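Enquirer: To be precise about what I am sending: the file is called target-v5.txt and holds compact mmCIF, C-alpha atoms.
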```txt
# COMPACT_ATOMS: atom_id res chain seq x y z
CA MET A 1 -21.66 6.17 -12.79
CA LYS A 2 -20.01 9.22 -11.35
CA ALA A 3 -16.45 10.46 -11.09
CA HIS A 4 -15.30 13.48 -9.13
CA THR A 5 -11.85 15.02 -8.59
CA GLU A 6 -10.44 17.42 -6.04
CA TYR A 7 -6.91 18.55 -5.25
CA LEU A 8 -5.89 19.31 -1.68
CA TRP A 9 -2.97 21.72 -1.29
CA PHE A 10 -0.46 21.77 1.55
CA GLN A 11 2.38 24.00 2.65
CA THR A 12 3.55 22.70 5.99
CA LYS A 13 5.44 24.92 8.41
CA GLN A 14 7.84 22.15 9.32
CA ARG A 15 9.81 19.89 7.03
CA ARG A 16 8.09 16.80 8.50
CA GLU A 17 4.47 16.97 9.53
CA LEU A 18 1.29 14.90 9.73
CA VAL A 19 -1.91 16.62 8.55
CA ARG A 20 -5.29 15.03 9.25
CA ILE A 21 -7.37 15.20 6.05
CA THR A 22 -10.37 12.99 6.85
CA ASP A 23 -12.80 15.93 6.75
CA GLU A 24 -11.50 17.22 3.42
CA VAL A 25 -11.80 13.76 1.86
CA ALA A 26 -15.30 13.35 3.33
CA ALA A 27 -16.28 16.71 1.80
CA ALA A 28 -15.02 15.56 -1.62
CA VAL A 29 -17.11 12.39 -1.28
CA ALA A 30 -20.20 14.44 -0.38
CA ALA A 31 -19.60 16.79 -3.34
CA SER A 32 -19.28 13.83 -5.70
CA GLY A 33 -22.80 12.55 -5.12
CA VAL A 34 -21.39 9.00 -5.10
CA LYS A 35 -23.40 6.68 -2.85
CA GLU A 36 -21.44 3.43 -3.34
CA GLY A 37 -17.85 3.36 -4.52
CA MET A 38 -14.26 4.17 -3.73
CA ALA A 39 -12.15 7.26 -3.07
CA LEU A 40 -8.49 7.22 -4.09
CA VAL A 41 -6.41 9.64 -2.00
CA SER A 42 -2.94 9.92 -3.49
CA ALA A 43 0.03 12.22 -2.90
CA MET A 44 1.31 13.73 -6.16
CA HIS A 45 4.88 13.79 -4.83
CA ILE A 46 7.64 11.28 -4.23
CA THR A 47 8.56 12.61 -0.80
CA ALA A 48 5.14 12.44 0.87
CA GLY A 49 2.70 9.74 1.93
CA VAL A 50 -0.95 9.10 2.72
CA PHE A 51 -2.02 6.62 5.38
CA VAL A 52 -4.87 5.66 7.70
CA ASN A 53 -4.32 5.32 11.43
CA ASP A 54 -5.21 6.77 14.83
CA ASP A 55 -5.30 10.51 15.63
CA GLU A 56 -3.35 10.23 18.90
CA PRO A 57 -0.39 12.58 19.48
CA GLY A 58 1.67 10.03 21.42
CA LEU A 59 1.28 7.51 18.61
CA HIS A 60 2.29 10.17 16.10
CA GLY A 61 5.50 10.67 18.08
CA ASP A 62 6.06 6.90 17.94
CA ILE A 63 5.45 6.89 14.18
CA TRP A 64 8.04 9.64 13.58
CA GLU A 65 10.64 7.91 15.75
CA TRP A 66 9.97 4.65 13.90
CA LEU A 67 10.24 6.30 10.48
CA GLN A 68 13.54 7.92 11.48
CA ARG A 69 14.84 4.53 12.62
CA LEU A 70 13.82 2.55 9.51
CA ALA A 71 14.52 5.30 6.96
CA PRO A 72 17.01 7.61 8.65
CA GLU A 73 18.20 11.01 7.61
CA GLY A 74 21.83 11.01 6.61
CA PRO A 75 24.40 12.59 4.36
CA ASP A 76 25.37 9.44 2.54
CA TYR A 77 22.55 8.75 0.13
CA ARG A 78 23.63 8.36 -3.50
CA HIS A 79 20.61 10.52 -4.37
CA HIS A 80 22.34 13.47 -2.71
CA GLN A 81 24.95 13.54 -5.48
CA THR A 82 22.20 15.24 -7.54
CA GLY A 83 22.21 18.16 -5.08
CA GLU A 84 19.17 16.92 -3.13
CA ASP A 85 19.24 16.27 0.61
CA ASN A 86 15.97 14.34 0.92
CA GLY A 87 16.96 10.71 0.33
CA ASP A 88 15.28 9.69 3.56
CA ALA A 89 12.01 11.32 2.46
CA HIS A 90 11.85 9.04 -0.61
CA LEU A 91 12.35 5.94 1.55
CA LYS A 92 9.78 7.12 4.12
CA SER A 93 7.30 7.59 1.24
CA LEU A 94 7.93 4.01 0.05
CA LEU A 95 7.54 2.74 3.62
CA VAL A 96 4.14 4.26 4.44
CA HIS A 97 2.98 4.34 0.80
CA HIS A 98 1.79 7.35 -1.15
CA GLU A 99 -1.89 6.45 -1.55
CA VAL A 100 -4.90 4.79 0.04
CA VAL A 101 -8.25 3.70 -1.37
CA LEU A 102 -11.22 4.26 0.93
CA PRO A 103 -14.68 2.65 0.73
CA ILE A 104 -17.84 4.73 0.27
CA THR A 105 -21.16 3.33 1.54
CA ALA A 106 -24.52 5.13 1.63
CA GLY A 107 -22.85 8.34 0.47
CA ARG A 108 -20.20 8.46 3.19
CA LEU A 109 -16.65 7.28 3.88
CA ASP A 110 -17.07 3.83 5.43
CA LEU A 111 -14.28 3.95 8.01
CA GLY A 112 -13.86 2.23 11.34
CA THR A 113 -14.34 4.20 14.56
CA TRP A 114 -10.70 5.15 15.00
CA GLN A 115 -9.63 5.37 11.38
CA GLN A 116 -8.42 8.81 10.31
CA VAL A 117 -6.73 9.75 7.03
CA PHE A 118 -3.37 11.55 7.17
CA TYR A 119 -1.16 13.37 4.72
CA ALA A 120 2.44 12.66 5.75
CA GLU A 121 4.87 15.36 4.68
CA PHE A 122 8.49 14.22 4.61
CA ASP A 123 10.04 17.20 2.79
CA GLY A 124 7.74 20.17 3.12
CA GLN A 125 7.78 23.93 3.59
CA ARG A 126 6.69 24.28 -0.03
CA ARG A 127 3.41 23.86 -1.92
CA LYS A 128 2.48 20.23 -2.52
CA ARG A 129 -0.77 18.45 -3.28
CA VAL A 130 -2.92 15.35 -2.97
CA ILE A 131 -5.50 14.19 -5.50
CA VAL A 132 -8.85 12.82 -4.33
CA LYS A 133 -10.54 10.80 -7.08
CA VAL A 134 -14.03 9.52 -6.26
CA LEU A 135 -15.61 6.81 -8.41
CA GLY A 136 -18.92 4.99 -8.01
CA VAL A 137 -22.68 5.08 -8.39
CA MET B 1 -22.33 -0.32 -13.15
CA LYS B 2 -22.55 -2.38 -9.99
CA ALA B 3 -21.40 -1.92 -6.43
CA HIS B 4 -21.55 -4.54 -3.70
CA THR B 5 -20.49 -4.49 -0.05
CA GLU B 6 -19.76 -7.20 2.49
CA TYR B 7 -18.25 -7.13 5.95
CA LEU B 8 -16.09 -10.01 7.16
CA TRP B 9 -15.92 -10.46 10.94
CA PHE B 10 -13.00 -11.88 12.90
CA GLN B 11 -12.32 -12.83 16.48
CA THR B 12 -8.93 -14.47 16.55
CA LYS B 13 -7.94 -16.85 19.35
CA GLN B 14 -4.46 -15.38 19.54
CA ARG B 15 -3.41 -11.76 19.77
CA ARG B 16 -1.46 -12.07 16.50
CA GLU B 17 -2.76 -14.25 13.72
CA LEU B 18 -2.93 -14.51 9.93
CA VAL B 19 -6.30 -15.52 8.48
CA ARG B 20 -6.57 -16.52 4.82
CA ILE B 21 -9.64 -14.76 3.33
CA THR B 22 -9.26 -15.39 -0.41
CA ASP B 23 -12.39 -17.61 -0.52
CA GLU B 24 -14.53 -15.08 1.35
CA VAL B 25 -13.44 -12.26 -0.97
CA ALA B 26 -14.05 -14.47 -4.02
CA ALA B 27 -17.56 -15.21 -2.71
CA ALA B 28 -18.25 -11.48 -2.37
CA VAL B 29 -17.10 -10.96 -5.97
CA ALA B 30 -19.40 -13.77 -7.16
CA ALA B 31 -22.33 -12.30 -5.20
CA SER B 32 -21.72 -8.86 -6.72
CA GLY B 33 -22.33 -9.95 -10.29
CA VAL B 34 -19.39 -7.76 -11.34
CA LYS B 35 -17.58 -9.17 -14.38
CA GLU B 36 -14.87 -6.52 -14.82
CA GLY B 37 -13.73 -4.27 -12.01
CA MET B 38 -11.96 -4.03 -8.67
CA ALA B 39 -12.45 -5.30 -5.13
CA LEU B 40 -11.21 -3.18 -2.23
CA VAL B 41 -10.45 -5.29 0.84
CA SER B 42 -9.78 -3.00 3.79
CA ALA B 43 -9.40 -3.54 7.53
CA MET B 44 -11.65 -1.20 9.54
CA HIS B 45 -9.12 -1.04 12.38
CA ILE B 46 -5.81 0.66 13.02
CA THR B 47 -4.13 -2.42 14.49
CA ALA B 48 -4.73 -4.87 11.63
CA GLY B 49 -3.63 -5.28 8.05
CA VAL B 50 -4.59 -6.89 4.75
CA PHE B 51 -1.97 -8.19 2.34
CA VAL B 52 -1.40 -10.61 -0.54
CA ASN B 53 1.30 -13.25 -0.38
CA ASP B 54 1.97 -16.99 -0.27
CA ASP B 55 0.05 -19.46 1.94
CA GLU B 56 3.14 -21.27 3.24
CA PRO B 57 3.49 -21.81 7.01
CA GLY B 58 7.28 -21.41 7.04
CA LEU B 59 6.99 -18.09 5.26
CA HIS B 60 4.33 -16.98 7.73
CA GLY B 61 6.80 -17.68 10.54
CA ASP B 62 9.36 -15.58 8.67
CA ILE B 63 6.84 -12.76 8.26
CA TRP B 64 6.05 -12.69 12.00
CA GLU B 65 9.72 -12.70 12.96
CA TRP B 66 10.34 -9.89 10.47
CA LEU B 67 7.40 -7.83 11.76
CA GLN B 68 8.63 -8.24 15.33
CA ARG B 69 12.09 -7.08 14.27
CA LEU B 70 10.96 -3.99 12.31
CA ALA B 71 8.06 -3.01 14.58
CA PRO B 72 8.86 -4.61 17.94
CA GLU B 73 6.69 -4.99 21.00
CA GLY B 74 7.89 -2.93 23.90
CA PRO B 75 6.85 -0.97 26.93
CA ASP B 76 8.25 2.35 25.80
CA TYR B 77 5.83 3.63 23.19
CA ARG B 78 4.44 7.10 23.87
CA HIS B 79 1.06 5.71 22.81
CA HIS B 80 1.08 3.55 25.96
CA GLN B 81 0.67 6.65 28.11
CA THR B 82 -2.99 6.54 27.02
CA GLY B 83 -3.36 3.17 28.76
CA GLU B 84 -2.93 1.13 25.57
CA ASP B 85 -0.26 -1.55 25.15
CA ASN B 86 -0.49 -2.02 21.39
CA GLY B 87 1.93 0.57 19.96
CA ASP B 88 3.67 -2.14 17.94
CA ALA B 89 0.35 -3.18 16.38
CA HIS B 90 -0.13 0.32 14.91
CA LEU B 91 3.35 0.25 13.37
CA LYS B 92 2.86 -3.27 12.01
CA SER B 93 -0.38 -2.07 10.39
CA LEU B 94 1.46 0.83 8.73
CA LEU B 95 4.19 -1.56 7.56
CA VAL B 96 2.04 -4.14 5.79
CA HIS B 97 -0.78 -1.67 5.00
CA HIS B 98 -4.43 -1.98 5.92
CA GLU B 99 -5.92 -2.51 2.46
CA VAL B 100 -5.44 -4.06 -0.96
CA VAL B 101 -7.26 -3.57 -4.25
CA LEU B 102 -7.73 -6.75 -6.29
CA PRO B 103 -8.56 -7.03 -10.02
CA ILE B 104 -11.72 -8.78 -11.24
CA THR B 105 -11.74 -10.30 -14.74
CA ALA B 106 -14.51 -12.41 -16.31
CA GLY B 107 -16.39 -12.43 -13.00
CA ARG B 108 -13.50 -13.75 -10.88
CA LEU B 109 -10.58 -12.48 -8.81
CA ASP B 110 -7.70 -12.23 -11.28
CA LEU B 111 -4.83 -13.35 -9.04
CA GLY B 112 -1.55 -15.06 -9.82
CA THR B 113 -1.12 -18.76 -9.05
CA TRP B 114 0.37 -18.29 -5.61
CA GLN B 115 -1.40 -15.10 -4.55
CA GLN B 116 -3.60 -15.48 -1.48
CA VAL B 117 -5.31 -12.70 0.49
CA PHE B 118 -4.67 -12.48 4.25
CA TYR B 119 -6.17 -10.61 7.16
CA ALA B 120 -3.32 -9.84 9.55
CA GLU B 121 -4.43 -9.43 13.14
CA PHE B 122 -1.95 -7.55 15.31
CA ASP B 123 -4.14 -6.99 18.41
CA GLY B 124 -6.96 -9.48 18.39
CA GLN B 125 -9.02 -11.67 20.71
CA ARG B 126 -11.95 -9.32 20.13
CA ARG B 127 -14.44 -8.74 17.31
CA LYS B 128 -12.99 -6.83 14.37
CA ARG B 129 -13.93 -6.51 10.73
CA VAL B 130 -12.89 -6.02 7.11
CA ILE B 131 -14.94 -4.34 4.41
CA VAL B 132 -15.06 -5.80 0.91
CA LYS B 133 -16.26 -3.22 -1.61
CA VAL B 134 -16.72 -4.50 -5.18
CA LEU B 135 -17.09 -2.02 -8.05
CA GLY B 136 -17.36 -2.62 -11.79
CA VAL B 137 -19.53 -3.72 -14.68
CA MET C 1 -18.77 2.84 -17.60
CA LYS C 2 -15.72 1.22 -19.10
CA ALA C 3 -13.31 -1.47 -17.98
CA HIS C 4 -10.12 -2.45 -19.76
CA THR C 5 -7.44 -5.03 -18.95
CA GLU C 6 -3.86 -5.51 -20.09
CA TYR C 7 -1.08 -7.79 -18.91
CA LEU C 8 2.53 -6.61 -18.97
CA TRP C 9 5.16 -9.38 -19.18
CA PHE C 10 8.67 -9.23 -17.77
CA GLN C 11 11.74 -11.41 -17.89
CA THR C 12 14.51 -9.48 -16.20
CA LYS C 13 18.16 -10.25 -16.92
CA GLN C 14 19.11 -9.88 -13.28
CA ARG C 15 17.48 -11.43 -10.26
CA ARG C 16 16.71 -7.96 -8.83
CA GLU C 17 15.76 -5.15 -11.14
CA LEU C 18 13.60 -2.03 -11.37
CA VAL C 19 11.68 -1.57 -14.63
CA ARG C 20 9.98 1.75 -15.39
CA ILE C 21 6.46 1.01 -16.70
CA THR C 22 4.81 4.45 -16.73
CA ASP C 23 4.57 4.50 -20.54
CA GLU C 24 3.04 1.03 -20.74
CA VAL C 25 0.43 1.93 -18.11
CA ALA C 26 -0.31 5.22 -19.90
CA ALA C 27 -0.82 3.29 -23.14
CA ALA C 28 -3.30 0.98 -21.41
CA VAL C 29 -5.19 4.01 -20.11
CA ALA C 30 -5.30 5.51 -23.62
CA ALA C 31 -6.51 2.21 -25.10
CA SER C 32 -9.27 1.99 -22.47
CA GLY C 33 -11.01 5.17 -23.56
CA VAL C 34 -11.55 6.00 -19.87
CA LYS C 35 -11.58 9.76 -19.25
CA GLU C 36 -12.15 9.79 -15.47
CA GLY C 37 -11.31 6.85 -13.24
CA MET C 38 -8.59 4.68 -11.77
CA ALA C 39 -5.93 2.27 -13.00
CA LEU C 40 -4.94 -0.63 -10.78
CA VAL C 41 -1.39 -1.82 -11.53
CA SER C 42 -0.74 -5.05 -9.65
CA ALA C 43 2.03 -7.66 -9.74
CA MET C 44 0.62 -11.18 -10.12
CA HIS C 45 3.48 -12.66 -8.09
CA ILE C 46 4.44 -12.80 -4.43
CA THR C 47 8.08 -11.92 -5.00
CA ALA C 48 7.64 -8.67 -6.93
CA GLY C 49 6.30 -5.19 -6.25
CA VAL C 50 4.88 -2.11 -7.93
CA PHE C 51 5.58 1.37 -6.61
CA VAL C 52 5.65 5.04 -7.59
CA ASN C 53 8.77 7.14 -7.07
CA ASP C 54 11.52 9.07 -8.82
CA ASP C 55 13.42 7.82 -11.88
CA GLU C 56 16.87 8.73 -10.56
CA PRO C 57 19.65 6.10 -10.69
CA GLY C 58 21.31 7.22 -7.47
CA LEU C 59 18.01 6.95 -5.62
CA HIS C 60 17.47 3.50 -7.10
CA GLY C 61 20.82 2.46 -5.62
CA ASP C 62 19.66 3.83 -2.27
CA ILE C 63 16.38 1.91 -2.54
CA TRP C 64 18.17 -1.40 -3.20
CA GLU C 65 20.56 -0.88 -0.31
CA TRP C 66 17.62 -0.01 1.95
CA LEU C 67 15.63 -3.07 0.85
CA GLN C 68 18.63 -5.32 1.50
CA ARG C 69 19.00 -3.81 4.97
CA LEU C 70 15.33 -4.09 6.00
CA ALA C 71 14.61 -7.41 4.26
CA PRO C 72 18.02 -9.07 3.86
CA GLU C 73 18.98 -12.10 1.87
CA GLY C 74 20.01 -14.99 4.03
CA PRO C 75 20.06 -18.75 4.35
CA ASP C 76 18.01 -18.94 7.50
CA TYR C 77 14.43 -18.31 6.42
CA ARG C 78 11.96 -21.01 7.43
CA HIS C 79 10.53 -20.68 3.92
CA HIS C 80 13.76 -22.19 2.55
CA GLN C 81 12.89 -25.54 4.09
CA THR C 82 10.48 -25.89 1.14
CA GLY C 83 13.46 -25.80 -1.23
CA GLU C 84 13.04 -22.11 -2.08
CA ASP C 85 15.81 -19.54 -1.61
CA ASN C 86 13.75 -16.36 -2.00
CA GLY C 87 12.49 -15.61 1.51
CA ASP C 88 13.86 -12.08 1.26
CA ALA C 89 11.92 -11.49 -1.97
CA HIS C 90 8.62 -12.16 -0.19
CA LEU C 91 9.48 -9.67 2.55
CA LYS C 92 10.64 -7.05 0.03
CA SER C 93 7.29 -7.48 -1.77
CA LEU C 94 5.40 -6.87 1.49
CA LEU C 95 7.58 -3.84 2.22
CA VAL C 96 7.07 -1.93 -1.04
CA HIS C 97 3.63 -3.48 -1.73
CA HIS C 98 2.57 -5.38 -4.82
CA GLU C 99 0.10 -2.86 -6.27
CA VAL C 100 -0.73 0.81 -6.76
CA VAL C 101 -3.91 2.57 -7.85
CA LEU C 102 -3.36 5.57 -10.13
CA PRO C 103 -5.81 8.40 -10.88
CA ILE C 104 -7.02 9.11 -14.42
CA THR C 105 -8.17 12.65 -15.30
CA ALA C 106 -9.15 13.94 -18.76
CA GLY C 107 -8.10 10.63 -20.32
CA ARG C 108 -4.57 10.58 -18.88
CA LEU C 109 -2.68 9.34 -15.84
CA ASP C 110 -2.87 12.22 -13.36
CA LEU C 111 0.60 11.98 -11.83
CA GLY C 112 2.85 14.58 -10.25
CA THR C 113 5.84 15.90 -12.18
CA TRP C 114 8.34 13.41 -10.79
CA GLN C 115 6.09 10.41 -10.26
CA GLN C 116 7.05 7.36 -12.28
CA VAL C 117 5.64 3.84 -11.96
CA PHE C 118 8.07 0.95 -11.41
CA TYR C 119 7.87 -2.82 -11.52
CA ALA C 120 10.23 -4.10 -8.81
CA GLU C 121 11.54 -7.58 -9.51
CA PHE C 122 12.90 -9.36 -6.43
CA ASP C 123 13.29 -12.88 -7.87
CA GLY C 124 13.46 -12.66 -11.64
CA GLN C 125 15.17 -14.20 -14.64
CA ARG C 126 11.87 -15.90 -15.50
CA ARG C 127 8.59 -14.77 -17.08
CA LYS C 128 6.37 -12.82 -14.70
CA ARG C 129 3.53 -10.39 -15.20
CA VAL C 130 1.59 -7.36 -14.02
CA ILE C 131 -2.10 -6.74 -14.57
CA VAL C 132 -3.32 -3.25 -15.49
CA LYS C 133 -7.06 -2.89 -14.81
CA VAL C 134 -8.61 0.42 -15.88
CA LEU C 135 -12.05 1.40 -14.60
CA GLY C 136 -14.03 4.60 -15.11
CA VAL C 137 -16.17 6.69 -17.42
```
What does the file become when written as structure tokens?
Expert:
Amino acid sequence: MKAHTEYLWFQTKQRRELVRITDEVAAAVAASGVKEGMALVSAMHITAGVFVNDDEPGLHGDIWEWLQRLAPEGPDYRHHQTGEDNGDAHLKSLLVHHEVVLPITAGRLDLGTWQQVFYAEFDGQRRKRVIVKVLGV
Amino acid sequence: MKAHTEYLWFQTKQRRELVRITDEVAAAVAASGVKEGMALVSAMHITAGVFVNDDEPGLHGDIWEWLQRLAPEGPDYRHHQTGEDNGDAHLKSLLVHHEVVLPITAGRLDLGTWQQVFYAEFDGQRRKRVIVKVLGV
Amino acid sequence: MKAHTEYLWFQTKQRRELVRITDEVAAAVAASGVKEGMALVSAMHITAGVFVNDDEPGLHGDIWEWLQRLAPEGPDYRHHQTGEDNGDAHLKSLLVHHEVVLPITAGRLDLGTWQQVFYAEFDGQRRKRVIVKVLGV
């Protein structure tokens, strides 16, 4: 049984940004030597997410509009009494979730044709990271 | 350590449909020979989901109404400029999530009394699939 | 390869409550002897959730208000025709998800500085439980 760990670092230019990380996760799987198993891809922050969906710019626009509607920015979060201004980023993280687990088959990520892995930054412009933990045989 | 993989295929009659798959996942766990471990159950599509909840028809009606309210159908998604008409299906997939990880104890799925596993089809009437990846001892 | 299982029991005083369980999960990881791997933390009920976010009381108030807005209480759920009154609790469970998978590195939970694990009770005041399944080397 093998386990392998990598950390992916991000510093987005914009406060909110989607970063495609499929290739980086695939490289971690290749480096692990795992043929059959799972890869956990998990943001190490409470204002970021990781999800799987389509790499289509129009859809990404739809996703941002949807996230702003369901978990809007605003001045009125109780959390802002601590001096923070990122209450919406916490709710967006809960909504899309902060981690995914991906299957590994025959030494490769076993994803569907259109499935791509994304890091979703909801409060960026500073250094943040994602752990990739590969486990299997 | 053991790893075992199965693919479950679906072609729903309706565009949106919930399919209970607890028995199929349990069969994959039995076939794996894994006594202690985890089963990843993950849709291989970006317009479908997998979740755990109650097998109660009234609740399923509530879930569909809720999904239509939070991630409504509509003609105005940017994604539809690609020729697609399933923008809502992508958002519904993000909302309920496309995968679950289930515990295995003493050779069986270790679920609570009322927990059932569902494949949630948001854009069906064509062949789609779910991977079941079992890992453990 | 090692596998280890613990069950955490809850009986909340209020119907809706967040319970921080990071220390209990960390203790299960320590007891497992796993150095590199994953810990699945999964509610065994369909009206509860498990999530990772900040342990800040103001934010927790924001989360409850948000959950009540997106998955409101109400008398009109179809599910209530069965005699239940917890339709909203099922939807809240779908929204935040009922499980997380956490990375283990060098024998410890490998979480970011502010990441804490929470059990989210949506229909409590009775005995309910969470399974912690640790897998790794």
Enquirer: Please report as a ChimeraX atom specification which residues of chain A come no farther than 10 Å from chain C, using only C-alpha atoms.
Expert: /A:1-5,38-47,70-71,76-82,87-88,90-91,93-101,128-136
Enquirer: Using 8 Å of padding on each side, determine the axis-aligned box around all atoms of segment 124-132 of chain B present in the file and give its centre and edge lengths in Å to one decimal, as JSON.
Expert:
```
{"center_x": -11.0, "center_y": -8.0, "center_z": 10.8, "size_x": 24.1, "size_y": 23.3, "size_z": 35.8}
```
Enquirer: Calculated over only C-alpha atoms, which of the candidates A:Leu109, A:Arg127, A:Val50, A:Phe122 has the smallest distance to Asp23 of chain A?
Expert: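 With only C-alpha atoms as the atom set, the closest residue is A:Leu109.
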Enquirer: Pick the closest to Asp85 of chain C from C:Ala48, C:Gly107, C:Trp64, C:Asp123: which is it, counting all atoms listed in the file?
Expert: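 Looking only at the distances to Asp85 of chain C, the closest residue turns out to be C:Asp123.
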Enquirer: Just the number, please: distance in Å from atom CA of Lys92 of chain C to atom CA of Tyr7 of chain B, one decimal.
Expert: 29.5 Å
